[in-house]
2 protein chains.
Amino acid sequence: MIQQMLAVLGRRPGVRVGIGDDAAVLDGDPAWLVAHDMLVEDVHFRWSTHSIADVGHKALAVNLSDIAAIGGRPVAAIVGLASPRGVFGPSEVRELYSAIERLAADTGCTIVGGDISRARETVIGITILGLMAPGVAPVLRTGARPGDAVCVTGPIGGSVAGRMLLARPATRPDAEDAALIHAHRRPSPRLEFGAELARLGATAMLDISDGLALDAERLATASGVRLHLELARVPIADGVARLAHRLGADPAVFASTGGEDYELLVTIDPARISTTAIPLVPVGTVDPGAPGLEITRDGRPVHLTYLGWDHLE
Amino acid sequence: MIQQMLAVLGRRPGVRVGIGDDAAVLDGDPAWLVAHDMLVEDVHFRWSTHSIADVGHKALAVNLSDIAAIGGRPVAAIVGLASPRGVFGPSEVRELYSAIERLAADTGCTIVGGDISRARETVIGITILGLMAPGVAPVLRTGARPGDAVCVTGPIGGSVAGRMLLARPATRPDAEDAALIHAHRRPSPRLEFGAELARLGATAMLDISDGLALDAERLATASGVRLHLELARVPIADGVARLAHRLGADPAVFASTGGEDYELLVTIDPARISTTAIPLVPVGTVDPGAPGLEITRDGRPVHLTYLGWDHLE
């Protein structure tokens with residue numbers, strides 16, 4: 001579908017980076033960033049497992065994460081809400097916008113408008129506008145180079161584990177399970193990390209929305225490089241391994257294909273890793289060779305048939 | 001619902017005008033404008049009467065009209081598309097984005113990204129970003145003052161007439177009917193008019209999206225002025241009177257409450273009307289007195305129980 005779109009769309013003055021990255025980049029100094037993500041009921045969330053506040057938080061968080069992934073800071077967001085009659089009465093509207101407002105206030109952005117309509121299910125589409133810091137270049141997916149380290153900004157797998165726990169609750173849920181469910185319901189956009197990594201001169205970056213493996217492959221393709229991911233080095237959130245074993249899955253594979261972690265995947269000169277307080281975890285390298293993703297475990301090749309979540313499947 | 005939203009939403013630096021106008025205005029010189037409008041299947045269009053190209057055109061046009069209504073020019077748009085499986089195959093995606101692209105190219109803006117998802121019906125949400133010309137102030141809804149003339153930029157009622165003709169086709173449709181249906185399916189945003197009216201110093205402006213009467217009342221409320229609308233002066237599109245008579249409706253009332261015309265409603269110093277080539281039609285005055293809308297026909301008060309289309313009804 002994206003190929004069909006790109007085949008017919010042109011570009012006119014005023015746009016530096018169009019379709020294909022976490023956010024579009026407009027001309028200007030500092031440069032403006034724009035991104036749009038939708039949450040659709042029964043596709044991205046279910047009312048049986050998500051409160052209205054969870055959905056409001058997540059709808060803005062996934063957009064903020066796109067700004068983080070370029071290295072910008074959010075300025076304004078605009079909210080489209082479509083829902084069936086009876087779902088959003090006055091108190092539900094307050095609950096939704098209060099959750100959105102809390103995250104907006106925490107991250108320094110303002111809800112500046114939107115649209116409201118009826119629909120057969122709830123659809124929330126948010127567009128986020130952000131700014132780069134003056135003199136700091138946007139970090140795209142396209143800049144990775146052989147010799148770069150491949151890092152993540154924190155442990156992954158928590159969100160998919162939380163989603164699994166919501167679908168099949170543990171018989172005796174404990175604090176670890178609760179933390180995993182929270183990671184799924186209330187993702188944290190890594191705005192400070194993204195802005196700092198842009199200042200540090202990271203070469204490429206994206207947020208891990210659909211699975212570390214799939215997003216790593218996208219980064220490799222966009223940059224035209226060979227990206228080597230070492231599963232033994234992937235940091236896994238507490239409690240994920242226990243759940244993966246219960247499901248008969250390999251913990252590192254389970255975590256690396258789960259998605260919705262919203263940690264950042266970044267390529268950077270390895271000499272710079274020690275110069276920052278960001279808890280960067282090296283999980284691989286950008287190598288010479290044919291463009292693509294190469295996965296190993298303890299140095300031995302691993303072939304995964306499923307890399308992550310495709311929105312249209 | 002909007003009151004509930006406003007009650008919980010705050011504002012942080014970087015935003016000059018937030019919720020409540022046709023577009024939000026961000027800080028900066030020139031100022032950035034942002035607006036978002038959704039089209040939902042069976043709420044804003046029906047596949048039985050609209051082609052995919054009609055829907056694509058209209059989805060962008062209603063957003064461009066919001067930029068026109070502030071007096072800016074469009075720069076970039078971002079498209080959220082949710083649809084049921086099977087509706088948008090490769091050729092349908094091309095048809096949709098080709099229609100969007102044609103209008104984008106005609107108006108100088110670029111489609112810079114978006115999101116795609118499954119849903120139970122088709123929902124298209126577009127966010128538009130625009131810029132004011134350097135040194136030209138955005139024209140808000142709030143600036144009308146007693147003594148201003150109230151004008152529209154062209155004949156109205158064509159879109160509602162077209163919608164009625166689509167719902168109940170004429171027995172022998174003629175060229176006039178076809179023009180009305182075209183006005184409904186392919187609205188034209190008045191970008192040149194809006195930009196020129198901003199340069200001329202129009203005091204308040206909005207686009208007639210929900211009905212001249214309802215939008216005039218909104219302008220009066222936002223500006224805190226008494227707005228007098230004279231039905232006998234409202235310019236009515238060709239063929240609308242004939243259809244209104246067939247439906248047993250008063251043509252001026254039918255046209256003034258129909259909506260989706262996307263002509264601009266503007267208040268301006270009456271001395272400036274003759275200084276522009278824009279075909280401004282005076283339809284009333286901003287008077288001293290209690291804020292609100294006063295409607296007359298040939299000077300005699302008229303009380304309409306229905307002013308226009310409320311999205312949530």
# chains A, B, ... in the order shown; residues from 1 in each chain; ligands from 1
$ select_by_dssp --residues "segment 44-184 of chain A" --states "strand (DSSP E or B)" --output "MDAnalysis selection string"
chainID A and resid 45 73:83 110:118 123:131 149:152 156
$ interface_residues --of "chain B" --to "chain A" --cutoff "6 Å" --atoms "only C-alpha atoms" --output "PDB file with N, CA and C atoms, in the first residue's frame"
ATOM      1  N   GLN B   4     -16.231  20.091  27.859  1.00  0.00           N
ATOM      2  CA  GLN B   4     -15.545  19.123  28.718  1.00  0.00           C
ATOM      3  C   GLN B   4     -14.057  19.077  28.387  1.00  0.00           C
ATOM      4  N   VAL B   8     -10.381  20.609  30.793  1.00  0.00           N
ATOM      5  CA  VAL B   8      -9.225  19.859  31.299  1.00  0.00           C
ATOM      6  C   VAL B   8      -7.927  20.180  30.566  1.00  0.00           C
ATOM      7  N   LEU B   9      -8.004  20.878  29.428  1.00  0.00           N
ATOM      8  CA  LEU B   9      -6.791  21.093  28.634  1.00  0.00           C
ATOM      9  C   LEU B   9      -6.089  22.390  29.006  1.00  0.00           C
ATOM     10  N   ARG B  11      -2.445  25.021  28.363  1.00  0.00           N
ATOM     11  CA  ARG B  11      -1.658  25.506  27.242  1.00  0.00           C
ATOM     12  C   ARG B  11      -0.244  25.810  27.700  1.00  0.00           C
ATOM     13  N   ARG B  12       0.726  25.390  26.932  1.00  0.00           N
ATOM     14  CA  ARG B  12       2.128  25.620  27.224  1.00  0.00           C
ATOM     15  C   ARG B  12       2.759  26.492  26.138  1.00  0.00           C
ATOM     16  N   GLY B  18      -5.172  28.294  20.383  1.00  0.00           N
ATOM     17  CA  GLY B  18      -5.431  26.868  20.533  1.00  0.00           C
ATOM     18  C   GLY B  18      -6.790  26.478  19.982  1.00  0.00           C
ATOM     19  N   ILE B  19      -7.511  25.643  20.723  1.00  0.00           N
ATOM     20  CA  ILE B  19      -8.804  25.123  20.265  1.00  0.00           C
ATOM     21  C   ILE B  19      -9.819  26.243  20.105  1.00  0.00           C
ATOM     22  N   ALA B  24      -5.417  26.051  14.517  1.00  0.00           N
ATOM     23  CA  ALA B  24      -4.581  26.558  15.604  1.00  0.00           C
ATOM     24  C   ALA B  24      -3.439  27.365  15.002  1.00  0.00           C
ATOM     25  N   HIS B  36      -7.301  19.870  11.664  1.00  0.00           N
ATOM     26  CA  HIS B  36      -7.561  18.444  11.456  1.00  0.00           C
ATOM     27  C   HIS B  36      -9.044  18.221  11.243  1.00  0.00           C
ATOM     28  N   ASP B  37      -9.397  17.570  10.154  1.00  0.00           N
ATOM     29  CA  ASP B  37     -10.786  17.189   9.891  1.00  0.00           C
ATOM     30  C   ASP B  37     -10.837  15.749   9.415  1.00  0.00           C
ATOM     31  N   ARG B  94      -4.287   3.731  -5.065  1.00  0.00           N
ATOM     32  CA  ARG B  94      -3.807   4.692  -6.071  1.00  0.00           C
ATOM     33  C   ARG B  94      -4.870   5.728  -6.385  1.00  0.00           C
ATOM     34  N   SER B  98      -4.173   9.484  -5.587  1.00  0.00           N
ATOM     35  CA  SER B  98      -4.077  10.321  -6.796  1.00  0.00           C
ATOM     36  C   SER B  98      -5.000  11.528  -6.682  1.00  0.00           C
ATOM     37  N   GLU B 101      -3.477  13.832  -4.207  1.00  0.00           N
ATOM     38  CA  GLU B 101      -2.289  14.449  -4.791  1.00  0.00           C
ATOM     39  C   GLU B 101      -2.650  15.548  -5.794  1.00  0.00           C
ATOM     40  N   THR B 110       2.233  19.326   0.148  1.00  0.00           N
ATOM     41  CA  THR B 110       2.833  17.999  -0.009  1.00  0.00           C
ATOM     42  C   THR B 110       2.252  17.048   1.033  1.00  0.00           C
ATOM     43  N   VAL B 112       3.001  14.417   3.450  1.00  0.00           N
ATOM     44  CA  VAL B 112       4.300  14.087   4.046  1.00  0.00           C
ATOM     45  C   VAL B 112       4.291  12.824   4.906  1.00  0.00           C
ATOM     46  N   GLY B 113       3.138  12.173   5.035  1.00  0.00           N
ATOM     47  CA  GLY B 113       3.132  10.959   5.842  1.00  0.00           C
ATOM     48  C   GLY B 113       1.744  10.585   6.250  1.00  0.00           C
ATOM     49  N   GLY B 114       1.667   9.668   7.219  1.00  0.00           N
ATOM     50  CA  GLY B 114       0.359   9.242   7.687  1.00  0.00           C
ATOM     51  C   GLY B 114       0.417   7.907   8.383  1.00  0.00           C
ATOM     52  N   ASP B 115      -0.743   7.298   8.489  1.00  0.00           N
ATOM     53  CA  ASP B 115      -0.861   6.014   9.161  1.00  0.00           C
ATOM     54  C   ASP B 115      -1.980   5.259   8.462  1.00  0.00           C
TER      55      ASP B 115
END
$ residues_around --residues "Ala68 of chain B" --least-positions-apart "3" --cutoff "8 Å" --atoms "only C-alpha atoms" --output "list in words"
Leu64, Ser65, Gly71, Gly72, Arg73, Pro189, Arg190, Leu191, Glu192, Phe193, Gly194, Ala195 and Asp207 of chain B
$ write_last_selection --atoms "N, CA, C and O atoms" --output "JSON list (two decimals), in the first residue's frame"
[["chain", "number", "residue", "atom", "x", "y", "z"],
["B", 64, "LEU", "N", -8.00, 22.04, 3.69],
["B", 64, "LEU", "CA", -7.47, 23.23, 3.02],
["B", 64, "LEU", "C", -8.36, 24.43, 3.31],
["B", 64, "LEU", "O", -7.89, 25.56, 3.49],
["B", 65, "SER", "N", -9.66, 24.17, 3.39],
["B", 65, "SER", "CA", -10.61, 25.26, 3.65],
["B", 65, "SER", "C", -10.37, 25.88, 5.03],
["B", 65, "SER", "O", -10.56, 27.08, 5.22],
["B", 71, "GLY", "N", -6.55, 32.58, 6.39],
["B", 71, "GLY", "CA", -5.82, 33.45, 5.48],
["B", 71, "GLY", "C", -4.42, 32.95, 5.16],
["B", 71, "GLY", "O", -3.59, 33.71, 4.67],
["B", 72, "GLY", "N", -4.16, 31.67, 5.41],
["B", 72, "GLY", "CA", -2.82, 31.13, 5.17],
["B", 72, "GLY", "C", -2.73, 30.36, 3.87],
["B", 72, "GLY", "O", -3.68, 30.28, 3.10],
["B", 73, "ARG", "N", -1.53, 29.79, 3.64],
["B", 73, "ARG", "CA", -1.35, 28.91, 2.48],
["B", 73, "ARG", "C", -0.91, 27.55, 2.99],
["B", 73, "ARG", "O", -0.14, 27.45, 3.97],
["B", 189, "PRO", "N", -11.70, 24.69, -1.94],
["B", 189, "PRO", "CA", -11.27, 25.58, -0.86],
["B", 189, "PRO", "C", -10.88, 26.95, -1.42],
["B", 189, "PRO", "O", -10.26, 27.02, -2.47],
["B", 190, "ARG", "N", -11.25, 28.02, -0.74],
["B", 190, "ARG", "CA", -11.06, 29.38, -1.25],
["B", 190, "ARG", "C", -9.74, 29.97, -0.76],
["B", 190, "ARG", "O", -9.70, 31.00, -0.08],
["B", 191, "LEU", "N", -8.64, 29.29, -1.11],
["B", 191, "LEU", "CA", -7.33, 29.68, -0.58],
["B", 191, "LEU", "C", -6.90, 31.07, -1.05],
["B", 191, "LEU", "O", -6.40, 31.86, -0.26],
["B", 192, "GLU", "N", -7.05, 31.38, -2.33],
["B", 192, "GLU", "CA", -6.63, 32.70, -2.83],
["B", 192, "GLU", "C", -7.46, 33.79, -2.15],
["B", 192, "GLU", "O", -6.92, 34.82, -1.75],
["B", 193, "PHE", "N", -8.76, 33.55, -2.05],
["B", 193, "PHE", "CA", -9.62, 34.55, -1.41],
["B", 193, "PHE", "C", -9.20, 34.78, 0.04],
["B", 193, "PHE", "O", -9.10, 35.91, 0.51],
["B", 194, "GLY", "N", -8.97, 33.69, 0.76],
["B", 194, "GLY", "CA", -8.60, 33.81, 2.17],
["B", 194, "GLY", "C", -7.31, 34.58, 2.36],
["B", 194, "GLY", "O", -7.21, 35.48, 3.22],
["B", 195, "ALA", "N", -6.30, 34.24, 1.55],
["B", 195, "ALA", "CA", -5.00, 34.92, 1.68],
["B", 195, "ALA", "C", -5.14, 36.41, 1.35],
["B", 195, "ALA", "O", -4.58, 37.27, 2.04],
["B", 207, "ASP", "N", -14.88, 29.43, 7.40],
["B", 207, "ASP", "CA", -15.43, 28.82, 6.19],
["B", 207, "ASP", "C", -16.81, 28.26, 6.50],
["B", 207, "ASP", "O", -17.09, 27.82, 7.61]]
$ closest_residue --among "A:Val281, A:Ala202, A:Leu247, A:Ile208" --to "Cys151 of chain A" --atoms "only C-alpha atoms"
A:Val281
$ residues_around --residues "Gly284 of chain B" --least-positions-apart "4" --cutoff "7 Å" --atoms "only C-alpha atoms" --output "PyMOL selection string"
chain B and resi 149-151+228-230
$ write_last_selection --atoms "N, CA and C atoms" --output "compact mmCIF listing (two decimals), in the first residue's frame"
# COMPACT_ATOMS: atom_id res chain seq x y z
N ALA B 149 -18.80 45.22 7.55
CA ALA B 149 -19.72 44.51 6.66
C ALA B 149 -19.51 43.00 6.84
N VAL B 150 -20.59 42.25 6.65
CA VAL B 150 -20.53 40.78 6.67
C VAL B 150 -20.70 40.32 5.23
N CYS B 151 -19.70 39.57 4.73
CA CYS B 151 -19.73 39.19 3.32
C CYS B 151 -19.49 37.69 3.15
N HIS B 228 -25.91 40.72 12.06
CA HIS B 228 -27.20 40.80 11.37
C HIS B 228 -27.04 40.21 9.98
N LEU B 229 -27.82 39.15 9.72
CA LEU B 229 -27.78 38.47 8.42
C LEU B 229 -29.10 38.74 7.70
N GLU B 230 -29.01 39.27 6.48
CA GLU B 230 -30.21 39.61 5.71
C GLU B 230 -30.40 38.56 4.61
$ residues_around --residues "Thr267 of chain A" --least-positions-apart "6" --cutoff "9 Å" --atoms "only C-alpha atoms" --output "ChimeraX atom specification"
/A:143-145,148-152,202-205,285-286
$ closest_residue --among "B:Asp210, B:Asp106, B:Asp29, B:Asp54" --to "Leu131 of chain B" --atoms "only C-alpha atoms"
B:Asp29
$ atom_distance --atom1 "atom CA of Val62 of chain A" --atom2 "atom CA of Leu231 of chain A"
25.2 Å
$ residues_around --residues "Gly211 of chain A" --least-positions-apart "3" --cutoff "9 Å" --atoms "only C-alpha atoms" --output "ChimeraX atom specification"
/A:157,208,214-216,255-261,307-309
$ write_last_selection --atoms "N, CA and C atoms" --output "PDB file, in the first residue's frame"
ATOM      1  N   GLY A 157      10.415  -6.068  25.524  1.00  0.00           N
ATOM      2  CA  GLY A 157       9.579  -7.259  25.722  1.00  0.00           C
ATOM      3  C   GLY A 157       8.489  -7.061  26.746  1.00  0.00           C
ATOM      4  N   ILE A 208      11.054   1.505  18.768  1.00  0.00           N
ATOM      5  CA  ILE A 208      10.734   0.086  18.602  1.00  0.00           C
ATOM      6  C   ILE A 208       9.228  -0.081  18.790  1.00  0.00           C
ATOM      7  N   LEU A 214      12.031  -6.495  13.548  1.00  0.00           N
ATOM      8  CA  LEU A 214      11.429  -5.881  12.367  1.00  0.00           C
ATOM      9  C   LEU A 214      11.916  -4.442  12.204  1.00  0.00           C
ATOM     10  N   ASP A 215      11.972  -3.708  13.315  1.00  0.00           N
ATOM     11  CA  ASP A 215      12.410  -2.312  13.224  1.00  0.00           C
ATOM     12  C   ASP A 215      13.900  -2.221  12.873  1.00  0.00           C
ATOM     13  N   ALA A 216      14.694  -3.197  13.336  1.00  0.00           N
ATOM     14  CA  ALA A 216      16.111  -3.230  12.962  1.00  0.00           C
ATOM     15  C   ALA A 216      16.255  -3.497  11.464  1.00  0.00           C
ATOM     16  N   ALA A 255      10.908 -11.327  23.165  1.00  0.00           N
ATOM     17  CA  ALA A 255      11.075  -9.894  23.437  1.00  0.00           C
ATOM     18  C   ALA A 255      11.404  -9.113  22.162  1.00  0.00           C
ATOM     19  N   SER A 256      12.199  -9.732  21.281  1.00  0.00           N
ATOM     20  CA  SER A 256      12.700  -9.009  20.108  1.00  0.00           C
ATOM     21  C   SER A 256      11.698  -8.936  18.967  1.00  0.00           C
ATOM     22  N   THR A 257      10.586  -9.632  19.089  1.00  0.00           N
ATOM     23  CA  THR A 257       9.575  -9.606  18.026  1.00  0.00           C
ATOM     24  C   THR A 257       8.237  -9.094  18.538  1.00  0.00           C
ATOM     25  N   GLY A 258       8.206  -8.646  19.798  1.00  0.00           N
ATOM     26  CA  GLY A 258       6.920  -8.319  20.409  1.00  0.00           C
ATOM     27  C   GLY A 258       6.374  -6.952  20.041  1.00  0.00           C
ATOM     28  N   GLY A 259       7.235  -5.963  20.020  1.00  0.00           N
ATOM     29  CA  GLY A 259       6.771  -4.627  19.640  1.00  0.00           C
ATOM     30  C   GLY A 259       6.152  -3.830  20.767  1.00  0.00           C
ATOM     31  N   GLU A 260       5.848  -2.561  20.437  1.00  0.00           N
ATOM     32  CA  GLU A 260       5.218  -1.596  21.338  1.00  0.00           C
ATOM     33  C   GLU A 260       6.044  -1.288  22.588  1.00  0.00           C
ATOM     34  N   ASP A 261       7.367  -1.476  22.480  1.00  0.00           N
ATOM     35  CA  ASP A 261       8.209  -1.136  23.632  1.00  0.00           C
ATOM     36  C   ASP A 261       8.463   0.363  23.716  1.00  0.00           C
ATOM     37  N   LEU A 307       9.293 -11.443  12.365  1.00  0.00           N
ATOM     38  CA  LEU A 307      10.160 -10.398  12.923  1.00  0.00           C
ATOM     39  C   LEU A 307       9.406  -9.387  13.789  1.00  0.00           C
ATOM     40  N   GLY A 308       8.091  -9.277  13.570  1.00  0.00           N
ATOM     41  CA  GLY A 308       7.331  -8.289  14.327  1.00  0.00           C
ATOM     42  C   GLY A 308       5.975  -8.090  13.707  1.00  0.00           C
ATOM     43  N   TRP A 309       5.294  -7.074  14.185  1.00  0.00           N
ATOM     44  CA  TRP A 309       3.889  -6.887  13.896  1.00  0.00           C
ATOM     45  C   TRP A 309       3.681  -6.006  12.681  1.00  0.00           C
TER      46      TRP A 309
END
$ atom_distance --atom1 "atom CA of Leu206 of chain A" --atom2 "atom CA of Pro301 of chain A"
24.2 Å
$ residues_around --residues "Arg163 of chain B" --least-positions-apart "5" --cutoff "10 Å" --atoms "only C-alpha atoms" --output "MDAnalysis selection string"
chainID B and resid 45 49 158 168:169 180:185 258 260
$ write_last_selection --atoms "all heavy atoms" --output "compact mmCIF listing (two decimals), in the first residue's frame"
# COMPACT_ATOMS: atom_id res chain seq x y z
N PHE B 45 -19.90 10.80 4.19
CA PHE B 45 -20.05 10.39 2.78
C PHE B 45 -20.60 8.97 2.75
O PHE B 45 -20.54 8.26 3.76
CB PHE B 45 -18.69 10.45 2.04
CG PHE B 45 -17.71 9.39 2.50
CD1 PHE B 45 -17.68 8.13 1.92
CD2 PHE B 45 -16.83 9.64 3.56
CE1 PHE B 45 -16.80 7.15 2.36
CE2 PHE B 45 -15.96 8.67 4.01
CZ PHE B 45 -15.95 7.43 3.41
N THR B 49 -22.82 7.04 -3.20
CA THR B 49 -22.91 8.32 -3.92
C THR B 49 -21.56 9.00 -4.13
O THR B 49 -21.50 10.03 -4.80
CB THR B 49 -23.83 9.30 -3.17
OG1 THR B 49 -23.36 9.45 -1.83
CG2 THR B 49 -25.26 8.80 -3.13
N GLY B 158 -25.26 25.24 -2.95
CA GLY B 158 -25.02 24.24 -3.98
C GLY B 158 -24.74 22.85 -3.41
O GLY B 158 -25.25 21.85 -3.90
N ARG B 168 -32.21 11.80 -3.55
CA ARG B 168 -33.44 11.60 -4.32
C ARG B 168 -33.20 12.13 -5.73
O ARG B 168 -33.51 13.29 -6.03
CB ARG B 168 -34.59 12.41 -3.70
CG ARG B 168 -34.98 11.95 -2.33
CD ARG B 168 -36.29 12.62 -1.95
NE ARG B 168 -36.19 13.35 -0.70
CZ ARG B 168 -37.09 14.18 -0.23
NH1 ARG B 168 -38.18 14.45 -0.93
NH2 ARG B 168 -36.93 14.79 0.93
N PRO B 169 -32.65 11.33 -6.60
CA PRO B 169 -32.27 11.80 -7.94
C PRO B 169 -33.45 12.43 -8.68
O PRO B 169 -34.59 11.98 -8.56
CB PRO B 169 -31.81 10.52 -8.64
CG PRO B 169 -31.42 9.60 -7.54
CD PRO B 169 -32.34 9.91 -6.40
N LEU B 180 -24.64 21.01 -9.27
CA LEU B 180 -24.91 20.96 -7.83
C LEU B 180 -24.28 19.72 -7.20
O LEU B 180 -23.69 19.78 -6.12
CB LEU B 180 -26.42 20.99 -7.57
CG LEU B 180 -27.13 22.29 -8.00
CD1 LEU B 180 -28.64 22.14 -7.91
CD2 LEU B 180 -26.65 23.47 -7.16
N ILE B 181 -24.42 18.59 -7.89
CA ILE B 181 -23.82 17.35 -7.38
C ILE B 181 -22.30 17.48 -7.34
O ILE B 181 -21.65 17.06 -6.38
CB ILE B 181 -24.28 16.15 -8.25
CG1 ILE B 181 -25.76 15.86 -7.95
CG2 ILE B 181 -23.42 14.93 -7.99
CD1 ILE B 181 -26.40 14.87 -8.90
N HIS B 182 -21.74 18.12 -8.35
CA HIS B 182 -20.29 18.35 -8.37
C HIS B 182 -19.87 19.24 -7.19
O HIS B 182 -18.85 18.98 -6.54
CB HIS B 182 -19.87 18.99 -9.69
CG HIS B 182 -18.38 19.11 -9.85
ND1 HIS B 182 -17.59 18.04 -10.21
CD2 HIS B 182 -17.54 20.15 -9.66
CE1 HIS B 182 -16.32 18.43 -10.25
NE2 HIS B 182 -16.26 19.71 -9.91
N ALA B 183 -20.67 20.27 -6.91
CA ALA B 183 -20.36 21.17 -5.78
C ALA B 183 -20.32 20.39 -4.47
O ALA B 183 -19.52 20.69 -3.57
CB ALA B 183 -21.38 22.29 -5.69
N HIS B 184 -21.20 19.40 -4.35
CA HIS B 184 -21.22 18.59 -3.12
C HIS B 184 -20.04 17.63 -3.07
O HIS B 184 -19.41 17.47 -2.03
CB HIS B 184 -22.53 17.80 -3.05
CG HIS B 184 -22.59 16.92 -1.83
ND1 HIS B 184 -22.62 17.43 -0.56
CD2 HIS B 184 -22.59 15.57 -1.70
CE1 HIS B 184 -22.65 16.44 0.31
NE2 HIS B 184 -22.63 15.31 -0.35
N ARG B 185 -19.73 17.00 -4.22
CA ARG B 185 -18.67 15.98 -4.22
C ARG B 185 -17.28 16.57 -4.23
O ARG B 185 -16.35 15.96 -3.70
CB ARG B 185 -18.82 15.09 -5.45
CG ARG B 185 -19.97 14.11 -5.37
CD ARG B 185 -19.97 13.27 -6.63
NE ARG B 185 -20.91 12.16 -6.58
CZ ARG B 185 -21.56 11.68 -7.64
NH1 ARG B 185 -21.36 12.24 -8.83
NH2 ARG B 185 -22.37 10.66 -7.52
N GLY B 258 -27.69 24.87 4.84
CA GLY B 258 -27.30 23.60 4.23
C GLY B 258 -25.90 23.14 4.59
O GLY B 258 -25.66 21.97 4.87
N GLU B 260 -21.49 22.87 4.08
CA GLU B 260 -20.52 22.28 3.16
C GLU B 260 -20.29 23.10 1.89
O GLU B 260 -19.90 22.55 0.87
CB GLU B 260 -20.90 20.84 2.82
CG GLU B 260 -20.93 19.95 4.06
CD GLU B 260 -20.96 18.48 3.71
OE1 GLU B 260 -22.01 17.97 3.31
OE2 GLU B 260 -19.91 17.84 3.86
$ select_by_dssp --residues "segment 108-249 of chain A" --states "alpha helix (DSSP H)" --output "ChimeraX atom specification"
/A:158-167,175-185,191-200,212-223,240-246
$ closest_residue --among "A:Pro30, A:Leu264, A:Met164, A:Ser83" --to "Ile70 of chain A" --atoms "only C-alpha atoms"
A:Leu264
